[in-house]
file structure-v9.cif (mmCIF, C-alpha atoms)
data_query
#
loop_
_atom_site.label_atom_id
_atom_site.label_comp_id
_atom_site.auth_asym_id
_atom_site.auth_seq_id
_atom_site.Cartn_x
_atom_site.Cartn_y
_atom_site.Cartn_z
CA MET A 24 19.47 69.87 -25.11
CA ASN A 25 21.00 70.61 -21.68
CA PRO A 26 24.79 69.81 -21.69
CA VAL A 27 24.50 68.13 -18.28
CA ALA A 28 21.67 65.93 -19.50
CA THR A 29 23.67 65.08 -22.60
CA ARG A 30 26.68 64.01 -20.52
CA LEU A 31 24.43 61.91 -18.24
CA ALA A 32 22.83 60.21 -21.24
CA SER A 33 26.24 59.50 -22.75
CA ARG A 34 27.48 58.07 -19.45
CA VAL A 35 24.42 55.82 -19.11
CA SER A 36 24.91 54.59 -22.67
CA PHE A 37 28.59 53.92 -22.03
CA GLU A 38 27.82 51.97 -18.85
CA LYS A 39 25.22 49.85 -20.67
CA THR A 40 27.70 49.09 -23.44
CA LEU A 41 30.39 48.21 -20.87
CA ALA A 42 27.99 45.93 -18.97
CA SER A 43 27.00 44.19 -22.19
CA ALA A 44 30.66 43.66 -23.09
CA LYS A 45 31.35 42.24 -19.63
CA ARG A 46 28.44 39.81 -19.97
CA THR A 47 29.74 38.71 -23.37
CA MET A 48 33.24 38.21 -21.99
CA LEU A 49 31.82 36.37 -18.99
CA LEU A 50 29.76 34.01 -21.19
CA SER A 51 32.68 33.32 -23.53
CA GLU A 52 34.92 32.64 -20.52
CA ILE A 53 32.39 30.22 -19.03
CA VAL A 54 32.03 28.41 -22.35
CA ARG A 55 35.81 28.14 -22.60
CA LEU A 56 36.00 26.71 -19.08
CA ALA A 57 33.30 24.15 -19.96
CA VAL A 58 35.18 23.08 -23.10
CA ASP A 59 38.42 22.75 -21.13
CA SER A 60 36.60 20.62 -18.57
CA PHE A 61 35.33 18.29 -21.32
CA ARG A 62 38.81 17.97 -22.82
CA THR A 63 40.26 16.80 -19.54
CA SER A 64 37.48 14.23 -19.02
CA LYS A 65 36.66 12.96 -22.52
CA VAL A 66 35.58 9.46 -21.45
CA ARG A 67 33.30 10.74 -18.70
CA PHE A 68 31.81 13.27 -21.09
CA MET A 69 31.06 10.63 -23.76
CA LEU A 70 29.58 8.14 -21.30
CA THR A 71 27.39 10.86 -19.76
CA ALA A 72 26.12 11.94 -23.19
CA LEU A 73 25.44 8.33 -24.24
CA GLY A 74 21.98 8.32 -22.65
CA MET A 75 20.97 11.38 -24.67
CA VAL A 76 22.40 9.84 -27.84
CA ILE A 77 20.23 6.74 -27.40
CA GLY A 78 17.15 8.76 -26.43
CA SER A 79 17.37 11.22 -29.34
CA ALA A 80 18.07 8.49 -31.90
CA SER A 81 15.16 6.44 -30.54
CA LEU A 82 12.80 9.42 -30.73
CA ILE A 83 13.62 10.10 -34.39
CA LEU A 84 13.46 6.41 -35.34
CA VAL A 85 10.10 5.96 -33.59
CA VAL A 86 8.63 8.96 -35.42
CA THR A 87 10.10 7.68 -38.71
CA ILE A 88 8.63 4.21 -38.15
CA GLY A 89 5.28 5.76 -37.22
CA LEU A 90 5.20 7.91 -40.37
CA THR A 91 6.27 4.95 -42.52
CA GLY A 92 3.50 2.81 -41.06
CA LYS A 93 0.99 5.60 -41.61
CA GLN A 94 2.09 5.99 -45.23
CA TYR A 95 1.87 2.23 -45.80
CA ILE A 96 -1.67 2.01 -44.39
CA LEU A 97 -2.87 4.99 -46.41
CA ASN A 98 -1.32 3.56 -49.58
CA LEU A 99 -3.16 0.29 -49.01
CA LEU A 100 -6.47 2.10 -48.53
CA GLN A 101 -5.82 4.27 -51.56
CA SER A 102 -5.31 1.12 -53.63
CA ILE A 103 -8.95 0.27 -52.97
CA GLY A 104 -9.92 3.56 -54.59
CA THR A 105 -9.82 6.79 -52.59
CA ASN A 106 -11.61 8.55 -55.44
CA MET A 107 -14.43 6.01 -55.41
CA VAL A 108 -18.04 6.82 -54.57
CA TYR A 109 -20.78 4.22 -54.54
CA ILE A 110 -24.48 4.86 -54.11
CA GLU A 111 -27.18 2.43 -53.01
CA TYR A 112 -30.89 2.42 -52.24
CA SER A 113 -31.54 2.70 -48.48
CA GLY A 114 -35.35 2.62 -48.25
CA GLY A 115 -38.60 4.29 -49.14
CA GLY A 116 -40.92 3.79 -52.10
CA THR A 117 -44.52 3.98 -53.19
CA GLY A 118 -47.71 1.96 -52.95
CA THR A 119 -50.04 0.56 -50.31
CA ILE A 120 -49.07 -1.73 -47.45
CA ASN A 121 -50.15 -4.80 -49.45
CA ASN A 122 -48.66 -3.58 -52.74
CA PHE A 123 -45.48 -1.69 -51.78
CA GLN A 124 -42.87 -1.06 -54.49
CA ASN A 125 -39.21 -0.42 -53.73
CA ASP A 126 -37.57 2.41 -55.62
CA TYR A 127 -34.32 0.72 -56.65
CA LEU A 128 -31.49 2.26 -58.65
CA THR A 129 -31.39 1.68 -62.40
CA ARG A 130 -28.85 1.86 -65.22
CA GLU A 131 -30.51 5.09 -66.33
CA ASP A 132 -29.51 6.66 -63.00
CA GLU A 133 -25.88 5.92 -63.83
CA ARG A 134 -26.18 7.56 -67.24
CA ALA A 135 -27.90 10.62 -65.75
CA VAL A 136 -25.13 11.08 -63.18
CA ASP A 137 -22.44 10.70 -65.86
CA GLU A 138 -24.10 13.52 -67.83
CA GLN A 139 -24.80 15.91 -64.94
CA VAL A 140 -21.77 15.49 -62.66
CA PRO A 141 -18.65 16.66 -64.53
CA ALA A 142 -16.25 15.23 -61.91
CA ILE A 143 -17.13 11.63 -62.87
CA MET A 144 -14.32 9.73 -64.61
CA TYR A 145 -15.55 6.10 -64.62
CA SER A 146 -18.81 4.46 -63.60
CA SER A 147 -20.29 0.99 -63.38
CA PRO A 148 -23.56 -0.53 -62.18
CA MET A 149 -23.50 -3.67 -60.05
CA LEU A 150 -26.15 -6.34 -60.25
CA GLU A 151 -25.78 -9.08 -57.62
CA MET A 152 -26.91 -12.66 -58.05
CA HIS A 153 -26.42 -15.71 -55.85
CA ASP A 154 -26.79 -18.66 -58.18
CA ARG A 155 -25.58 -22.19 -58.73
CA ILE A 156 -23.22 -22.86 -61.60
CA SER A 157 -22.32 -26.13 -63.26
CA ILE A 158 -18.60 -26.61 -63.82
CA ASN A 159 -16.64 -29.80 -64.52
CA GLY A 160 -19.74 -31.82 -63.75
CA GLN A 161 -20.12 -30.20 -60.33
CA GLU A 162 -22.62 -27.67 -59.05
CA LYS A 163 -21.35 -24.83 -56.93
CA GLN A 164 -23.09 -21.91 -55.19
CA LEU A 165 -21.32 -18.69 -56.16
CA LEU A 166 -21.68 -14.94 -56.08
CA VAL A 167 -22.17 -13.58 -59.60
CA LEU A 168 -21.87 -9.84 -60.20
CA GLY A 169 -23.05 -8.13 -63.35
CA VAL A 170 -20.83 -5.10 -63.98
CA SER A 171 -19.65 -2.91 -66.84
CA PRO A 172 -16.08 -3.00 -68.28
CA GLN A 173 -15.27 0.21 -66.36
CA TYR A 174 -15.74 -1.67 -63.09
CA ARG A 175 -12.11 -2.73 -63.44
CA GLN A 176 -10.91 0.91 -63.26
CA VAL A 177 -13.43 1.90 -60.60
CA ARG A 178 -12.39 -0.89 -58.23
CA ASN A 179 -8.73 -0.85 -59.30
CA LEU A 180 -8.75 -4.60 -60.00
CA LYS A 181 -5.63 -6.47 -61.08
CA VAL A 182 -6.02 -8.83 -64.03
CA LEU A 183 -3.68 -11.75 -63.31
CA SER A 184 -4.15 -13.74 -66.50
CA GLY A 185 -6.18 -13.43 -69.67
CA ARG A 186 -8.20 -10.24 -70.01
CA PHE A 187 -11.15 -8.31 -68.61
CA PHE A 188 -14.29 -8.16 -70.75
CA ASP A 189 -14.48 -4.96 -72.82
CA ASP A 190 -17.08 -2.60 -74.31
CA GLN A 191 -17.51 -4.84 -77.34
CA ASP A 192 -18.39 -7.79 -75.10
CA GLU A 193 -20.90 -5.57 -73.32
CA ILE A 194 -22.52 -4.34 -76.53
CA THR A 195 -22.74 -7.77 -78.19
CA HIS A 196 -23.86 -9.50 -74.96
CA GLU A 197 -21.00 -12.00 -75.07
CA LYS A 198 -21.26 -14.85 -72.56
CA VAL A 199 -17.84 -14.25 -71.02
CA ALA A 200 -16.66 -14.08 -67.42
CA VAL A 201 -13.66 -13.26 -65.23
CA VAL A 202 -13.14 -15.16 -61.99
CA THR A 203 -11.20 -14.58 -58.80
CA GLN A 204 -7.71 -15.95 -58.28
CA VAL A 205 -8.95 -18.19 -55.45
CA PHE A 206 -11.73 -19.69 -57.59
CA ALA A 207 -9.37 -20.36 -60.51
CA GLN A 208 -6.81 -22.17 -58.36
CA GLU A 209 -9.43 -24.19 -56.52
CA MET A 210 -11.32 -25.35 -59.62
CA PHE A 211 -8.55 -25.57 -62.23
CA GLY A 212 -5.29 -25.75 -60.29
CA SER A 213 -3.84 -22.47 -61.60
CA GLN A 214 -4.81 -19.09 -62.99
CA ASP A 215 -3.63 -19.82 -66.52
CA ALA A 216 -5.46 -23.16 -66.62
CA ALA A 217 -8.78 -21.37 -65.99
CA ILE A 218 -8.58 -19.36 -69.23
CA ASN A 219 -11.04 -20.56 -71.93
CA GLN A 220 -12.69 -22.99 -69.51
CA SER A 221 -16.50 -23.07 -69.54
CA PHE A 222 -19.27 -23.24 -66.97
CA SER A 223 -23.06 -23.06 -67.10
CA LEU A 224 -25.22 -20.47 -65.37
CA SER A 225 -28.93 -21.39 -65.45
CA GLY A 226 -28.15 -23.63 -68.39
CA ILE A 227 -26.37 -20.91 -70.40
CA PRO A 228 -22.66 -21.57 -71.15
CA PHE A 229 -20.06 -18.95 -70.26
CA THR A 230 -16.37 -18.82 -71.15
CA ILE A 231 -13.75 -17.67 -68.65
CA VAL A 232 -11.55 -15.05 -70.33
CA GLY A 233 -9.53 -13.83 -67.33
CA THR A 234 -8.70 -14.04 -63.64
CA PHE A 235 -8.44 -11.09 -61.24
CA LYS A 236 -7.93 -10.00 -57.66
CA GLU A 237 -8.43 -6.83 -55.63
CA SER A 238 -5.42 -4.52 -55.33
CA VAL A 239 -5.71 -4.85 -51.55
CA ASP A 240 -7.15 -7.82 -49.70
CA THR A 241 -10.37 -6.54 -48.09
CA PHE A 242 -10.85 -9.85 -46.20
CA GLY A 243 -14.41 -10.24 -47.49
CA GLN A 244 -15.50 -6.78 -46.37
CA SER A 245 -16.20 -5.56 -49.93
CA GLU A 246 -18.75 -6.71 -52.50
CA ILE A 247 -16.15 -9.15 -53.89
CA ALA A 248 -15.83 -12.52 -52.12
CA ASP A 249 -13.23 -15.23 -52.69
CA GLN A 250 -15.71 -17.20 -54.84
CA THR A 251 -16.90 -14.44 -57.18
CA ILE A 252 -17.57 -14.37 -60.91
CA LEU A 253 -17.93 -11.13 -62.91
CA ILE A 254 -20.02 -11.09 -66.09
CA PRO A 255 -21.12 -8.19 -68.34
CA TYR A 256 -24.08 -6.26 -66.94
CA SER A 257 -25.91 -6.44 -70.27
CA VAL A 258 -25.91 -10.24 -69.92
CA ALA A 259 -26.65 -10.37 -66.18
CA ARG A 260 -29.85 -8.30 -66.48
CA TYR A 261 -31.50 -11.07 -68.53
CA PHE A 262 -31.27 -13.41 -65.54
CA THR A 263 -33.15 -10.96 -63.31
CA GLY A 264 -35.60 -9.63 -65.89
CA THR A 265 -35.27 -6.07 -64.53
CA ASP A 266 -33.13 -2.96 -64.97
CA ASN A 267 -32.73 -2.56 -61.19
CA VAL A 268 -29.19 -2.59 -59.79
CA LYS A 269 -27.94 -2.97 -56.23
CA GLN A 270 -25.20 -0.31 -56.34
CA ILE A 271 -23.63 2.12 -58.78
CA PHE A 272 -19.89 2.81 -58.53
CA PHE A 273 -18.20 6.04 -59.63
CA THR A 274 -14.58 7.22 -59.84
CA ILE A 275 -14.00 10.95 -59.31
CA ARG A 276 -11.22 12.68 -61.27
CA ASP A 277 -9.75 14.59 -58.31
CA LYS A 278 -9.78 13.32 -54.72
CA THR A 279 -10.47 16.85 -53.47
CA ASP A 280 -13.85 16.72 -55.27
CA VAL A 281 -14.96 13.37 -53.82
CA GLU A 282 -17.21 14.66 -51.04
CA GLU A 283 -18.83 17.34 -53.20
CA ALA A 284 -19.34 14.88 -56.06
CA ALA A 285 -20.98 12.42 -53.64
CA LYS A 286 -23.54 15.08 -52.69
CA GLN A 287 -24.21 15.89 -56.35
CA ILE A 288 -24.67 12.18 -57.16
CA VAL A 289 -27.29 11.82 -54.43
CA GLN A 290 -29.08 14.96 -55.65
CA VAL A 291 -29.21 13.74 -59.26
CA VAL A 292 -30.43 10.26 -58.31
CA SER A 293 -32.98 11.56 -55.79
CA SER A 294 -34.43 13.94 -58.39
CA ARG A 295 -35.22 10.94 -60.61
CA HIS A 296 -37.14 8.96 -57.97
CA GLN A 297 -39.95 9.31 -55.45
CA LYS A 298 -39.51 12.02 -52.83
CA ASN A 299 -39.68 9.58 -49.90
CA SER A 300 -36.98 7.28 -51.37
CA VAL A 301 -33.60 7.43 -49.61
CA TYR A 302 -30.25 6.94 -51.34
CA LYS A 303 -26.88 6.85 -49.60
CA ALA A 304 -23.51 7.69 -51.18
CA SER A 305 -20.42 6.29 -49.43
CA THR A 306 -16.74 7.19 -49.80
CA LEU A 307 -13.41 6.16 -48.27
CA THR A 308 -12.57 9.70 -47.15
CA ALA A 309 -13.77 9.16 -43.58
CA LEU A 310 -11.88 5.84 -43.40
CA LEU A 311 -8.66 7.51 -44.58
CA THR A 312 -9.06 10.30 -42.02
CA THR A 313 -9.66 7.80 -39.22
CA ALA A 314 -6.69 5.67 -40.24
CA ALA A 315 -4.43 8.74 -40.33
CA SER A 316 -5.64 9.83 -36.88
CA ILE A 317 -5.00 6.38 -35.40
CA ALA A 318 -1.50 6.27 -36.91
CA ASN A 319 -0.72 9.76 -35.57
CA ALA A 320 -1.99 8.86 -32.09
CA LEU A 321 0.13 5.69 -32.06
CA THR A 322 3.20 7.69 -33.08
CA VAL A 323 2.61 10.20 -30.27
CA VAL A 324 2.21 7.42 -27.69
CA LEU A 325 5.42 5.71 -28.82
CA SER A 326 7.23 9.06 -28.79
CA LEU A 327 6.14 9.68 -25.19
CA ILE A 328 7.44 6.24 -24.23
CA THR A 329 10.74 7.11 -25.91
CA ALA A 330 10.86 10.32 -23.88
CA VAL A 331 11.41 8.12 -20.81
CA THR A 332 14.82 7.24 -22.27
CA LEU A 333 15.65 10.94 -22.46
CA ALA A 334 14.58 11.37 -18.83
CA VAL A 335 16.84 8.48 -17.81
CA GLY A 336 19.67 10.15 -19.70
CA GLY A 337 18.91 13.36 -17.80
CA VAL A 338 19.18 11.57 -14.46
CA GLY A 339 22.57 10.26 -15.56
CA ILE A 340 23.70 13.80 -16.40
CA MET A 341 22.56 15.04 -12.98
CA ASN A 342 24.43 12.28 -11.16
CA ILE A 343 27.64 12.90 -13.09
CA MET A 344 27.37 16.67 -12.59
CA LEU A 345 26.87 16.19 -8.83
CA ALA A 346 30.01 14.05 -8.77
CA THR A 347 31.78 16.70 -10.84
CA VAL A 348 30.84 19.43 -8.38
CA ARG A 349 32.18 17.35 -5.51
CA SER A 350 35.49 16.70 -7.30
CA ARG A 351 35.93 20.39 -8.13
CA ILE A 352 35.08 21.95 -4.77
CA ARG A 353 38.59 23.42 -4.35
CA GLU A 354 38.44 24.88 -7.89
CA ILE A 355 35.08 26.50 -7.04
CA GLY A 356 36.58 27.96 -3.86
CA ILE A 357 39.52 29.45 -5.80
CA ARG A 358 37.21 30.99 -8.37
CA LYS A 359 35.04 32.55 -5.68
CA ALA A 360 38.15 33.83 -3.89
CA LEU A 361 39.19 35.53 -7.13
CA GLY A 362 35.83 37.30 -7.37
CA ALA A 363 33.50 34.90 -9.17
CA THR A 364 29.88 35.35 -8.04
CA ALA A 365 27.44 32.58 -7.17
CA ARG A 366 25.52 33.38 -10.39
CA GLU A 367 28.67 32.87 -12.48
CA ILE A 368 29.44 29.55 -10.79
CA LYS A 369 25.84 28.40 -11.32
CA LEU A 370 25.92 29.44 -14.97
CA GLN A 371 29.20 27.59 -15.53
CA PHE A 372 27.91 24.22 -14.33
CA LEU A 373 24.50 24.71 -15.98
CA ILE A 374 26.17 25.37 -19.34
CA GLU A 375 28.31 22.25 -18.89
CA ALA A 376 25.15 20.17 -18.31
CA VAL A 377 23.42 21.68 -21.34
CA PHE A 378 26.51 21.07 -23.49
CA ILE A 379 26.61 17.41 -22.50
CA SER A 380 22.89 16.96 -23.13
CA LEU A 381 22.84 18.90 -26.40
CA ALA A 382 25.96 17.18 -27.73
CA GLY A 383 24.31 13.81 -27.07
CA GLY A 384 21.15 15.08 -28.76
CA VAL A 385 23.03 16.18 -31.87
CA VAL A 386 24.89 12.87 -32.20
CA GLY A 387 21.66 10.92 -31.57
CA THR A 388 19.83 12.99 -34.17
CA ILE A 389 22.51 12.26 -36.76
CA LEU A 390 22.36 8.54 -35.99
CA GLY A 391 18.56 8.58 -36.09
CA LEU A 392 18.52 10.27 -39.49
CA ALA A 393 21.20 7.98 -40.90
CA PHE A 394 18.79 5.08 -41.55
CA PRO A 395 16.02 6.91 -43.47
CA ILE A 396 18.53 9.01 -45.43
CA SER A 397 20.54 5.90 -46.37
CA ALA A 398 17.34 4.14 -47.46
CA ARG A 399 16.49 7.09 -49.67
CA LEU A 400 19.95 7.24 -51.21
CA PHE A 401 20.57 3.54 -51.83
CA THR A 402 17.05 2.10 -52.34
CA ASP A 403 13.82 3.06 -54.07
CA TYR A 404 11.98 3.46 -50.77
CA ARG A 405 11.01 7.02 -49.90
CA ILE A 406 11.00 6.70 -46.12
CA PRO A 407 9.41 9.86 -44.68
CA ILE A 408 11.56 12.17 -42.54
CA SER A 409 9.92 14.53 -40.07
CA ILE A 410 11.76 17.80 -39.47
CA TRP A 411 9.63 18.20 -36.35
CA SER A 412 11.15 15.06 -34.84
CA VAL A 413 14.61 16.65 -35.25
CA ILE A 414 13.46 19.92 -33.69
CA ILE A 415 11.76 18.11 -30.80
CA ALA A 416 14.80 15.89 -30.19
CA LEU A 417 17.19 18.86 -29.99
CA ALA A 418 14.79 20.99 -27.97
CA THR A 419 14.17 18.13 -25.54
CA SER A 420 17.91 17.54 -25.18
CA THR A 421 18.42 21.20 -24.28
CA LEU A 422 15.50 21.14 -21.84
CA VAL A 423 16.79 17.97 -20.17
CA GLY A 424 20.20 19.61 -19.70
CA ILE A 425 18.61 22.67 -18.08
CA VAL A 426 16.24 20.71 -15.84
CA PHE A 427 18.70 18.08 -14.63
CA GLY A 428 21.66 20.45 -14.55
CA THR A 429 19.97 22.99 -12.27
CA LEU A 430 20.43 21.02 -9.02
CA PRO A 431 24.20 20.44 -9.43
CA ALA A 432 24.64 24.07 -10.54
CA ASN A 433 22.76 25.37 -7.49
CA ARG A 434 24.80 23.16 -5.18
CA ALA A 435 28.06 24.48 -6.68
CA ALA A 436 26.87 28.10 -6.38
CA GLN A 437 25.94 27.66 -2.69
CA LEU A 438 29.35 26.34 -1.59
CA ASP A 439 31.13 28.47 1.00
CA PRO A 440 34.43 29.78 -0.48
CA VAL A 441 36.35 29.46 2.82
CA GLU A 442 35.26 25.87 3.39
CA SER A 443 35.89 25.10 -0.26
CA LEU A 444 39.49 26.28 -0.04
CA LYS A 445 40.05 24.01 2.98
CA TYR A 446 38.62 20.98 1.09
CA GLU A 447 41.20 18.32 0.25
#

call {"tool": "encode", "arguments": {"input": "structure-v9.cif", "output": "structure tokens"}}
result
Amino acid sequence: MNPVATRLASRVSFEKTLASAKRTMLLSEIVRLAVDSFRTSKVRFMLTALGMVIGSASLILVVTIGLTGKQYILNLLQSIGTNMVYIEYSGGGTGTINNFQNDYLTREDERAVDEQVPAIMYSSPMLEMHDRISINGQEKQLLVLGVSPQYRQVRNLKVLSGRFFDDQDEITHEKVAVVTQVFAQEMFGSQDAAINQSFSLSGIPFTIVGTFKESVDTFGQSEIADQTILIPYSVARYFTGTDNVKQIFFTIRDKTDVEEAAKQIVQVVSSRHQKNSVYKASTLTALLTTAASIANALTVVLSLITAVTLAVGGVGIMNIMLATVRSRIREIGIRKALGATAREIKLQFLIEAVFISLAGGVVGTILGLAFPISARLFTDYRIPISIWSVIIALATSTLVGIVFGTLPANRAAQLDPVESLKYE
């Protein structure tokens, strides 16, 4: 290589290294000046950063509350049975206009699905009857459901007193029943008092062996009403004289298989009936997705509202920095007289604004995280913590410092050194 070219390359490299060193020294000097400025005005610095502390803490707490609410709602819905699939007859059938026959589901459909869909864990048919019962000398119109013992697991029911009827009761056609908590308290005064009490259904005596309630109050939106009695399906079918059922409930082993299992259930059932019969399988997957989306949207909206607090804190930083520039005009003039450029002056005041904003953001983040972390350490509640809320809070604090610190920094950089030195 040409010696001249080598020397030129070495000189260029040396100049780049020297320039980089100067920039590093300049930045460290500016940071040192900013720190010295904060030390001389501690109270002003803390009051200026207070707005960012409140804003950052509010942002993290709002996100934490939003995530906690979302988790609570999803847990409630999951208590109903997120792995549950239920199928029902939607229409279609065979026959003439004057002799049309509906193609209802049967108990054999349930057994066929249990055999052909490996993802099934529990299943139960449901036969619905609206009948009058005789109890304590009174007649009462009630909803009576004929179900299998596995209905308890499928619907995640809570037995409050007594027991739920079992497979032996189903096989031997025992005339036993479980009633809702509301019915037991209304008719007998308490849940325990209802156990072993009797009532008559179409003249046939039944014995109450237990009381129950849903894991989550569905407010009458499920097949279970406040005044509901459950009896074994094998007994209920004798009142209707048919094997037809209204719905069949299934529990899937893994929630990731729910949608696929629902399709397989429809295929199995449809293959056993007329081609023009329609059967619909429903799950809670869509409801869970919708609930999660609503909770996320609400959290975003509340976070945007909280961002207003950060903006207010930014305005406070700008006002204080403008006042700072005015009080340090003579200092700026001296620095310019000693060779400081407008860019260096601008960078100095911009870094001071960012420091104030970021310091407030860090303190606010710590305060915001203190509540959920304390709850995790000292209680059994696992309050969710979003790392993204921390990142957003710190990033927003930095951005606020840059945005609202630019105007004071530009004003300081544009001051005339001669006029600044004359300023008293």

call {"tool": "atom_distance", "arguments": {"input": "structure-v9.cif", "atom1": "CA of Pro431 in chain A", "atom2": "CA of Ala365 in chain A"}}
result
12.8 Å

call {"tool": "atom_distance", "arguments": {"input": "structure-v9.cif", "atom1": "CA of Glu197 in chain A", "atom2": "CA of Ala259 in chain A"}}
result
10.7 Å

call {"tool": "resolve_selection", "arguments": {"input": "structure-v9.cif", "expression": "the PyMOL selection byres ((chain A and resi 236) around 10)", "output": "ChimeraX atom specification"}}
result
/A:179-183,202-205,234-235,237-240,247-249

call {"tool": "residues_around", "arguments": {"input": "structure-v9.cif", "residues": "Val136 in chain A", "least_positions_apart": "3", "cutoff": "7 Å", "atoms": "all atoms listed in the file", "output": "PDB file with C-alpha atoms, in the frame of the given file"}}
result
ATOM      1  CA  ASP A 132     -29.510   6.660 -63.000  1.00  0.00           C
ATOM      2  CA  GLU A 133     -25.880   5.920 -63.830  1.00  0.00           C
ATOM      3  CA  GLN A 139     -24.800  15.910 -64.940  1.00  0.00           C
ATOM      4  CA  VAL A 140     -21.770  15.490 -62.660  1.00  0.00           C
ATOM      5  CA  ILE A 288     -24.670  12.180 -57.160  1.00  0.00           C
ATOM      6  CA  VAL A 291     -29.210  13.740 -59.260  1.00  0.00           C
TER       7      VAL A 291
END

call {"tool": "closest_residue", "arguments": {"input": "structure-v9.cif", "among": "A:Leu361, A:Ile415, A:Met75, A:Ile110", "to": "Lys286 in chain A", "atoms": "only C-alpha atoms"}}
result
A:Ile110

call {"tool": "resolve_selection", "arguments": {"input": "structure-v9.cif", "expression": "the PyMOL selection byres ((chain A and resi 292-307) around 7)", "output": "ChimeraX atom specification"}}
result
/A:105,107-116,126,132,285,288-291,308-311

call {"tool": "atom_distance", "arguments": {"input": "structure-v9.cif", "atom1": "CA of Ser213 in chain A", "atom2": "CA of Asn98 in chain A"}}
result
28.8 Å

call {"tool": "resolve_selection", "arguments": {"input": "structure-v9.cif", "expression": "the PyMOL selection byres ((chain A and resi 420) around 7)", "output": "list in words"}}
result
Met75, Ser380, Leu381, Gly384, Ala416, Leu417, Ala418, Thr419, Thr421, Leu422, Val423 and Gly424 of chain A

call {"tool": "residues_around", "arguments": {"input": "structure-v9.cif", "residues": "Lys369 in chain A", "least_positions_apart": "3", "cutoff": "7 Å", "atoms": "all atoms listed in the file", "output": "list in words"}}
result
Ala365, Arg366, Phe372, Leu373, Ala432, Asn433, Ala435 and Ala436 of chain A

call {"tool": "residues_around", "arguments": {"input": "structure-v9.cif", "residues": "Gly383 in chain A", "least_positions_apart": "5", "cutoff": "12 Å", "atoms": "all atoms listed in the file", "output": "VMD selection string"}}
result
chain A and resid 68 to 80 333 336 to 337 340 376 to 378 388 to 391 416 to 421 423 to 424

call {"tool": "residues_around", "arguments": {"input": "structure-v9.cif", "residues": "Phe262 in chain A", "least_positions_apart": "6", "cutoff": "12 Å", "atoms": "all atoms listed in the file", "output": "mmCIF file with C-alpha atoms, in the coordinates of the input"}}
result
data_model
loop_
_atom_site.group_PDB
_atom_site.id
_atom_site.type_symbol
_atom_site.label_atom_id
_atom_site.label_comp_id
_atom_site.auth_asym_id
_atom_site.auth_seq_id
_atom_site.Cartn_x
_atom_site.Cartn_y
_atom_site.Cartn_z
ATOM 1 C CA LEU A 150 -26.150 -6.340 -60.250
ATOM 2 C CA GLU A 151 -25.780 -9.080 -57.620
ATOM 3 C CA MET A 152 -26.910 -12.660 -58.050
ATOM 4 C CA HIS A 153 -26.420 -15.710 -55.850
ATOM 5 C CA ASP A 154 -26.790 -18.660 -58.180
ATOM 6 C CA VAL A 167 -22.170 -13.580 -59.600
ATOM 7 C CA LEU A 168 -21.870 -9.840 -60.200
ATOM 8 C CA GLY A 169 -23.050 -8.130 -63.350
ATOM 9 C CA LEU A 224 -25.220 -20.470 -65.370
ATOM 10 C CA SER A 225 -28.930 -21.390 -65.450
ATOM 11 C CA GLY A 226 -28.150 -23.630 -68.390
ATOM 12 C CA ILE A 227 -26.370 -20.910 -70.400
ATOM 13 C CA ILE A 254 -20.020 -11.090 -66.090
ATOM 14 C CA PRO A 255 -21.120 -8.190 -68.340
ATOM 15 C CA TYR A 256 -24.080 -6.260 -66.940
#

call {"tool": "closest_residue", "arguments": {"input": "structure-v9.cif", "among": "A:Ile158, A:Leu438, A:Ala216, A:Val232", "to": "Phe187 in chain A", "atoms": "only C-alpha atoms"}}
result
A:Val232

call {"tool": "residues_near_point", "arguments": {"input": "structure-v9.cif", "point": "(-5.1, -15.6, -70.2)", "cutoff": "7 Å", "atoms": "only C-alpha atoms", "output": "PyMOL selection string"}}
result
chain A and resi 184-186+215+218+232-233
